[in-house]
Amino acid sequence: MKITLSALLLTVLISSSLFSQELNLQNFSLNKKESSGKLIIDDKFEQGTVYQQVHPVRTQELLSLNSEENIFSGAEDNLQVKKKKKSVGLGVLLSAVIPGAGEFYGGNYLKAGIFFGVEVLAWATFAYFESKGNKKEEEYQAYADQYWDVRTYARWLKNEGFSESGGIDPDEPNRDVLREQIMVCERANFSHTMPEYGSQQYYELIGKYQNFQAGWTNLEHVPTKAAGPYNYQTYHDPVFTNYAADRQKANDFFDYAKIGPITAIVNHILSAADAAWVISTYNSKIKVETGFRMQNRVSPYTYQIKQFPTFNVAVSF
């Protein structure tokens, strides 16, 4: 009875040992690497010369399985979490055309909104001040057309006795001819001559140089050539100065409007450069690849082919 009990105990211990070895084999197989879908035989089996000597035919069969395609690979389920790279050149082109478009393409929606918002604000600024400038320009030109008269100016030159004014006929019906007569006198006395009627310089000079002040019909005091408080070189009538101020306001509005296109150009350049950075950063983000398959393994202890689950994870930057 004692011998039987001892034999039973010994049998249990041996069975437990073999079962434990089989479990260790399965755990080891889960971490074993796969190579090109081929069957992998454990190193211990490859070095199992004892088994090769006892079962040479079986050993040869197993080794031949390792050299051929693994037809027992089982079900394969590859899961990939990998973002496709985006074109840096395309992103730069998009932002060069529409600021923020490249950032949107690169997935940075906050920057896309900022650059696009700056673009909208830049052109809105241009449109606003350009409109203000045009309106003010129309106002001062209409005022000049109503209150500045070339015949009044010609008559003043002749009445004040400026040199070469004798050839001026203020009642000349042809205004172009009258302008030529005035220019002869102006060349002899002043630094500037009358520009062509209605030109940009025409509206500028009649509110800028002192001799043209005499052409306004609504002055508080008519300037004179003689010395005194109303001498044309020093006197500044309110009509003359107010007109000059209105014209300057229009010019200021046009200058403010220029800020819009300049800002837009800079915004295009900065957005294109930033788009390259955003997309480069997007392309270099972490990529995760996962794979799961049932893989055939050869036990180094039982020398049997079995399938075990294998799970792989690859992380790249």
# chains A, B, ... in the order shown; residues from 1 in each chain; ligands from 1
$ residues_around --residues "Tyr235 (chain A)" --least-positions-apart "5" --cutoff "7 Å" --atoms "only C-alpha atoms" --output "PyMOL selection string"
chain A and resi 223+229-230
$ closest_atom_pairs --of "region 113-230 of chain A" --to "region 250-263 of chain A" --cutoff "9 Å" --atoms "only C-alpha atoms" --output "tab-separated table"
residue	atom	partner	partner_atom	distance
A:Val118	CA	A:Thr263	CA	8.2
A:Glu119	CA	A:Thr263	CA	7.8
A:Leu121	CA	A:Gly260	CA	7.8
A:Ala122	CA	A:Gly260	CA	4.3
A:Trp123	CA	A:Gly260	CA	5.4
A:Ala124	CA	A:Gly260	CA	7.5
A:Thr125	CA	A:Gly260	CA	5.5
A:Phe126	CA	A:Ala257	CA	4.2
A:Ala127	CA	A:Ala257	CA	7.0
A:Tyr128	CA	A:Ala257	CA	7.4
A:Phe129	CA	A:Ala257	CA	4.9
A:Glu130	CA	A:Ala257	CA	5.4
A:Ser131	CA	A:Phe253	CA	8.4
A:Lys132	CA	A:Phe253	CA	6.3
A:Gly133	CA	A:Ala250	CA	4.5
A:Asn134	CA	A:Ala250	CA	7.1
A:Lys135	CA	A:Ala250	CA	7.9
A:Lys136	CA	A:Ala250	CA	5.2
A:Glu137	CA	A:Ala250	CA	5.6
A:Tyr140	CA	A:Ala250	CA	8.7
$ residues_around --residues "Lys111 (chain A)" --least-positions-apart "3" --cutoff "9 Å" --atoms "only C-alpha atoms" --output "PyMOL selection string"
chain A and resi 100+103-104+108+114-116+271+274
$ write_last_selection --atoms "N, CA and C atoms" --output "compact mmCIF listing (two decimals), in the first residue's frame"
# COMPACT_ATOMS: atom_id res chain seq x y z
N GLY A 100 -4.29 80.15 -44.58
CA GLY A 100 -5.03 79.28 -43.67
C GLY A 100 -5.44 77.98 -44.32
N GLU A 103 -2.91 75.26 -43.52
CA GLU A 103 -3.02 74.82 -42.13
C GLU A 103 -4.25 73.92 -41.96
N PHE A 104 -5.34 74.26 -42.65
CA PHE A 104 -6.54 73.42 -42.60
C PHE A 104 -6.24 72.04 -43.19
N ASN A 108 -4.47 71.68 -38.59
CA ASN A 108 -4.40 72.68 -37.53
C ASN A 108 -5.47 73.74 -37.80
N ILE A 114 -7.02 81.62 -37.80
CA ILE A 114 -6.31 82.88 -37.53
C ILE A 114 -5.82 83.51 -38.83
N PHE A 115 -5.15 82.72 -39.67
CA PHE A 115 -4.62 83.27 -40.92
C PHE A 115 -5.73 83.72 -41.85
N PHE A 116 -6.80 82.95 -41.92
CA PHE A 116 -7.92 83.33 -42.78
C PHE A 116 -8.60 84.59 -42.23
N SER A 271 1.69 82.55 -43.86
CA SER A 271 0.83 81.37 -43.85
C SER A 271 1.45 80.23 -44.65
N ASP A 274 4.22 78.82 -42.56
CA ASP A 274 3.67 78.08 -41.42
C ASP A 274 3.02 76.77 -41.87
$ select_by_dssp --residues "region 153-295 of chain A" --states "strand (DSSP E)" --output "JSON, numbers by chain"
{"A": [287, 288, 289, 290, 291, 292, 293, 294, 295]}
$ write_last_selection --atoms "C-alpha atoms" --output "PDB file, in the first residue's frame"
ATOM      1  CA  LYS A 287       2.372  56.216 -35.970  1.00  0.00           C
ATOM      2  CA  VAL A 288       1.135  52.984 -34.429  1.00  0.00           C
ATOM      3  CA  GLU A 289       0.931  49.670 -36.260  1.00  0.00           C
ATOM      4  CA  THR A 290      -0.715  46.667 -34.661  1.00  0.00           C
ATOM      5  CA  GLY A 291      -1.060  43.104 -35.890  1.00  0.00           C
ATOM      6  CA  PHE A 292      -2.735  39.923 -34.669  1.00  0.00           C
ATOM      7  CA  ARG A 293      -2.497  36.409 -36.068  1.00  0.00           C
ATOM      8  CA  MET A 294      -2.610  32.767 -35.164  1.00  0.00           C
ATOM      9  CA  GLN A 295       0.887  31.382 -35.651  1.00  0.00           C
TER      10      GLN A 295
END
$ closest_residue --among "A:Tyr143, A:Phe162, A:Trp156, A:Trp216" --to "Pro238 (chain A)" --atoms "only C-alpha atoms"
A:Trp216
$ closest_residue --among "A:Val97, A:Leu157, A:Ala144, A:Ile182" --to "Val222 (chain A)" --atoms "only C-alpha atoms"
A:Leu157
$ residues_around --residues "Ser191 (chain A)" --least-positions-apart "4" --cutoff "12 Å" --atoms "only C-alpha atoms" --output "PyMOL selection string"
chain A and resi 183+185-187+205+209-212
$ write_last_selection --atoms "C-alpha atoms" --output "CSV table (one decimal), in the first residue's frame"
chain,number,residue,atom,x,y,z
A,183,MET,CA,1.2,129.8,-67.8
A,185,CYS,CA,2.8,134.8,-66.6
A,186,GLU,CA,3.3,132.0,-64.0
A,187,ARG,CA,6.7,131.0,-65.5
A,205,LEU,CA,-2.1,122.6,-56.6
A,209,TYR,CA,0.5,126.9,-53.6
A,210,GLN,CA,-0.2,130.5,-52.5
A,211,ASN,CA,-0.7,132.1,-55.9
A,212,PHE,CA,-3.6,129.7,-56.7
$ select_by_dssp --residues "region 75-300 of chain A" --states "alpha helix (DSSP H)" --output "VMD selection string"
chain A and resid 88 to 97 101 to 105 109 to 147 150 to 159 175 to 189 200 to 205 238 to 283
